[in-house]
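Student: For reference, the structure I am asking about is given below.
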Amino acid sequence: MRFFATILFFLFFVCRVQAGGITATQLTCEQTVNPLGIDLARPAFGWQLRSAERGQFQTAFEMIVGDRAEQVLAGTGNVWQTGKRNSAENSIILFEGKQLRSFTRYFWKVRVYDRNGKASEWSPVAWFETAMLSAADWKAQWISDGQSLPGTDAGFYKDDPMPVFKQAVAVTKPVKTARLYIAGAGYFEAYLNGEKIGKDWLSPGWTNFDKRILYRVYDITANLRKGRNIAGLMLGNGWYNPLPMRFWGVYNLRNALATGRPVVKAQLRVTYTDGTTETINTDNSWKWKAGPVIRNSVYLGETFDGRADTKAWLQQVPESGDLPAAIANGPKGKLQADLQPPVRVAAVIKPVAVTEVAPGKFVADMGVNFAGVARIRVKAPQGTRISLRYGEDVYKDGNVNGMTAVAGQIKNGNGGPEAPPVAWQEDHFIAGGGGMETWNPRFTFHVFRYVELTGWPGKPTVDDIEGLQMHADVPDAGVFECSNRLFNKIQELTLRTFKSNIFSVQSDCAGREKFGYGGDLFCTLESFSYNFDMYNFYRKSLQDFEDDQRPLGGITETAPYVGLHDKGPGDASGPLGWQLGYPYLVKKLYEFYGDKRVIETYYPSLTKQIRFLEDRAKGFLYEEDISDHESLDPKPVALTASLFFFHHVQLMREFSELLNKKAEADRYAALEAKIRAAIRKRFYKGAGIFDNQTQAAQLFALWYDIAEEKEKQAVLRQLVQAFAAKNNHVSTGIFATKMLFDVLRVHNLDTLAYTIVNQKDFPGWGHMVAQGATTLWETWKYSDNTYSQNHPMFGSVSEWFYRSLLGINATAPGFKTFRIQPRTAGLSFAKGWYRSPYGTIGSSWEQHADNFLLHVEIPVNTMAEVWIPAAPGSVLLDGKKAGAPGTVVFLKEAQGYQVYKVASGTYTFSCRLK
């Protein structure tokens, strides 16, 4: 009865939809709605389309761009009028109008023509605003407090109050607009009349500051008041002035990063209603004083002295006794407008309990593991020092266990001169004594579930502390839910883990390292992209890799480069699998978002990289690599290294073909064939066995399609046997785990995938859940001392939820065409959606006995293949026999599915299961 009631509901929904035209909505510039501050000469436009009518698509479009809203609204544009362009494209439309000017807001609108050539109404007017289109637009100077860096490593661990700057700003006329353009090396916070500007944290994003410095743009029109205003700036060390700790007792970040005393460059530009403009720039007329942040480190935490709070000072007119700012050289990098989503507070997490574990020592349990900081409210005598120590776990006696998040594995005094014996995550607050005080760190972030509080006057309660969950403010791109509660829990853990590790770089862990490893990126970027809109986040990641490309062409293990080059092929470059994160990200950005510019932009750098890798190969093979990191089986190192090299060449062949570089494509194709032959000769043992016959070895061979067609079934049988030998549990590491789901999907073995993911004991995701994990671990085995408990790499399972259980897979860049082929495995239902550049793709299904119901949503201007696991002749569309001419056309029967070509719209299919 429930099954047929659901059919009636969907039929009612479909019947409510009335035929209608086509409209353009969700207008974007550089994949952002109304971006404030871009510095691209040719930005890309896009829009999504809506229609209540099935089978609608765009045949042409018309755009108007101008710098006067009223003109654009009236139908004219003085910057670009495309006229009617016969084109089905509504994503990545490159600007071709008059040269854009800096500091200018441009307005635009679009109308589209439907399948019958009928024009839509004009869209609402959207806008984008340019920032500094030329380096000459920057008039501000870098300023600092003029203090010197310590002469010894030990000096970096002493108190070092961060500078706070201010300048008076007089407003004597009515203001039309006001903007703050601000760059920093190290972190900054900007203030106006004592109030913080913007909602972002930990700006700017981490880059190689000698190559590129990101600047942010704030609309401060509403913040300025008539008369006198006080602009303020507070600095933090960030990644520009890290501590000289020896990570793992070896790596000093100061030897690899561009470093210096924190500096800031800011330009406040006011446009008045009379058309005049005024600019206030940072220079030595600004004043400064030592601020209340007396220590700050992205790893060790922050110390704040409330007795030196500058909130009142930031609202007072500069006086003659104030110290003048020092003009600084600043880093060498190019200033670039920051399009990456900023770090923001996404949620406020209340503790579930506060427990006194020893006299004067309290532990707050936040209930879940996450990244961010704690915020406290306390009334304490002046000078009271309250300490917060963070940890992902607790010991049996209730004390906080911070060992899984200790920075750089510095645990036994191996961190260098004056480094702490154990590099805990800690914050300290010194009370100002002015009644109830609310405080949280500004220039650090931690990963934690538990917070140890000491020095508290009296006893803290759950109302006195809360967690600020922070991450890059990436929009949601997908939702998944199914009938298996464990899978839903795994998805919940995965999303929390992913969010914990996007702080301007996609990190391996948010506590111990915080580094942007290419290998971890390779294994999870598709899972990230199904769940979040990662376009502008990942474009920044690509530039990070290019910025730190080694002189001979190799790509570093991490970007930004921190000095690691474990088992790389030389020139301080990373291992093959970690270098692969760079070209693979180029490929996937193109596939997910349809932006061919990423291939064009990075092709020269990728060419330099592949030449370097070719020069280092021996007989078309590689012998050394980190390989399948955290595998429980012996690693097939040479096989994986050689296949990673094969993949690099394969990608370059694909990129060359896409850019119509035939000679280069032919060369790469020939090289690809030679590498493939060498790998088969060296590693294929016959009888379907590759290398050491582990799960990973078989998966690598199948994922890279290295076996001959006649051998594939034998290779697959060996893989199934390798899993059976482990009672269908994983023994794979980060790469083979990602490959596992692709291989089983391609070979229609999702029932085996279901069994593997559904395991509730060690090793597997279910074991983590059973042990009380609220985020994914770095290793399959529980660790209370070494390995992170908030690590994204095994989150590749989320890709399987979307690609197999919902069945959503692109067949053209940007999901212009795609396939919906749900794999029911052991589920009774699955539902969800993915928001592509063209609109929302929906896939929701349920099965009861031998009846199956599938509801799909196909965005306007796209086409899908819908694969239905149906008995022949049993498929109904909206309650009627499917396959009649129209927006749904029967294509074929394949792999036990009835396959239909489906145009845009919402549809409900029902059938008997085969």
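Following the order of the structure tokens, chains are lettered A, B, ..., residues in each are numbered from 1, and ligands are numbered from 1.
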Using only C-alpha atoms, find each residue in stretch 619-703 of chain A having at least one atom no more than 9 Å away from stretch 601-607 of chain A; report its shortest atom-to-atom pair and that distance in Å (one decimal), rows by chain then rising number, as CSV.
Tutor:
residue,atom,partner,partner_atom,distance
A:Met652,CA,A:Leu606,CA,7.6
A:Phe655,CA,A:Tyr603,CA,7.6
A:Ser656,CA,A:Tyr603,CA,8.4
Student: A:Ser874: which residues within 8 Å, counting only C-alpha atoms, same-chain residues fewer than 6 positions away excluded, as a PDB file with C-alpha atoms, in the first residue's frame?
Tutor:
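Saved file selection.pdb follows:
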ATOM      1  CA  LYS A 881       3.670   2.628 -20.380  1.00  0.00           C
ATOM      2  CA  SER A 910       7.820   2.475 -11.737  1.00  0.00           C
ATOM      3  CA  CYS A 911       8.450  -1.133 -12.646  1.00  0.00           C
ATOM      4  CA  ARG A 912       8.848  -4.699 -11.539  1.00  0.00           C
TER       5      ARG A 912
END
Student: Considering only C-alpha atoms, state which residue in the set A:Val263, A:Ile294, A:Ala371, A:Val125 is at the smallest distance from A:Ala308.
Tutor: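 Selected residue with least distance to A:Ala308: A:Ile294.
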Student: Measuring atom to atom with only C-alpha atoms, identify which of A:Trp288, A:Tyr802, A:Tyr299, A:Phe545 is nearest to A:Ser529.
Tutor: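 Closest candidate: A:Tyr802.
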Student: Can you tell me how far atom CA of A:Lys334 sits from atom CA of A:Asp210, in Å to one decimal?
Tutor: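 Going from atom CA of A:Lys334 over to atom CA of A:Asp210, I get 7.7 Å.
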Student: Taking only stretch 565-814 of chain A into account, list the residues labelled helix (DSSP H, G or I) by DSSP (computed from the backbone), as number ranges by chain.
Tutor: A: 576-579, 581-593, 597-616, 637-658, 662-683, 695-703, 709-724, 734-746, 750-757, 765-770, 792-805, 813-814
Student: What's around A:Ala44 at 7 Å? Count only C-alpha atoms, leave out sequence neighbours fewer than 3 positions away in its own chain, and write the answer as a list of chain:residue names.
Tutor: A:Cys29, A:Glu30, A:Ile92, A:Ile93, A:Leu94, A:Phe95
Student: Using only C-alpha atoms, pick whichever of A:Ser102, A:Thr172, A:Lys901, A:Pro441 has the shortest atom-to-atom distance to A:Tyr272.
Tutor: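 Under the stated criterion, the closest residue is A:Thr172.
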Student: Stretch 723-738 of chain A: which residues within 10 Å, counting only C-alpha atoms, same-chain residues fewer than 3 positions away excluded, as a PyMOL selection string?
Tutor: chain A and resi 519-520+522-524+526-527+577+627-635+640+694-700+703+717-720+741-743+752-753+755-765+778-780+792-800
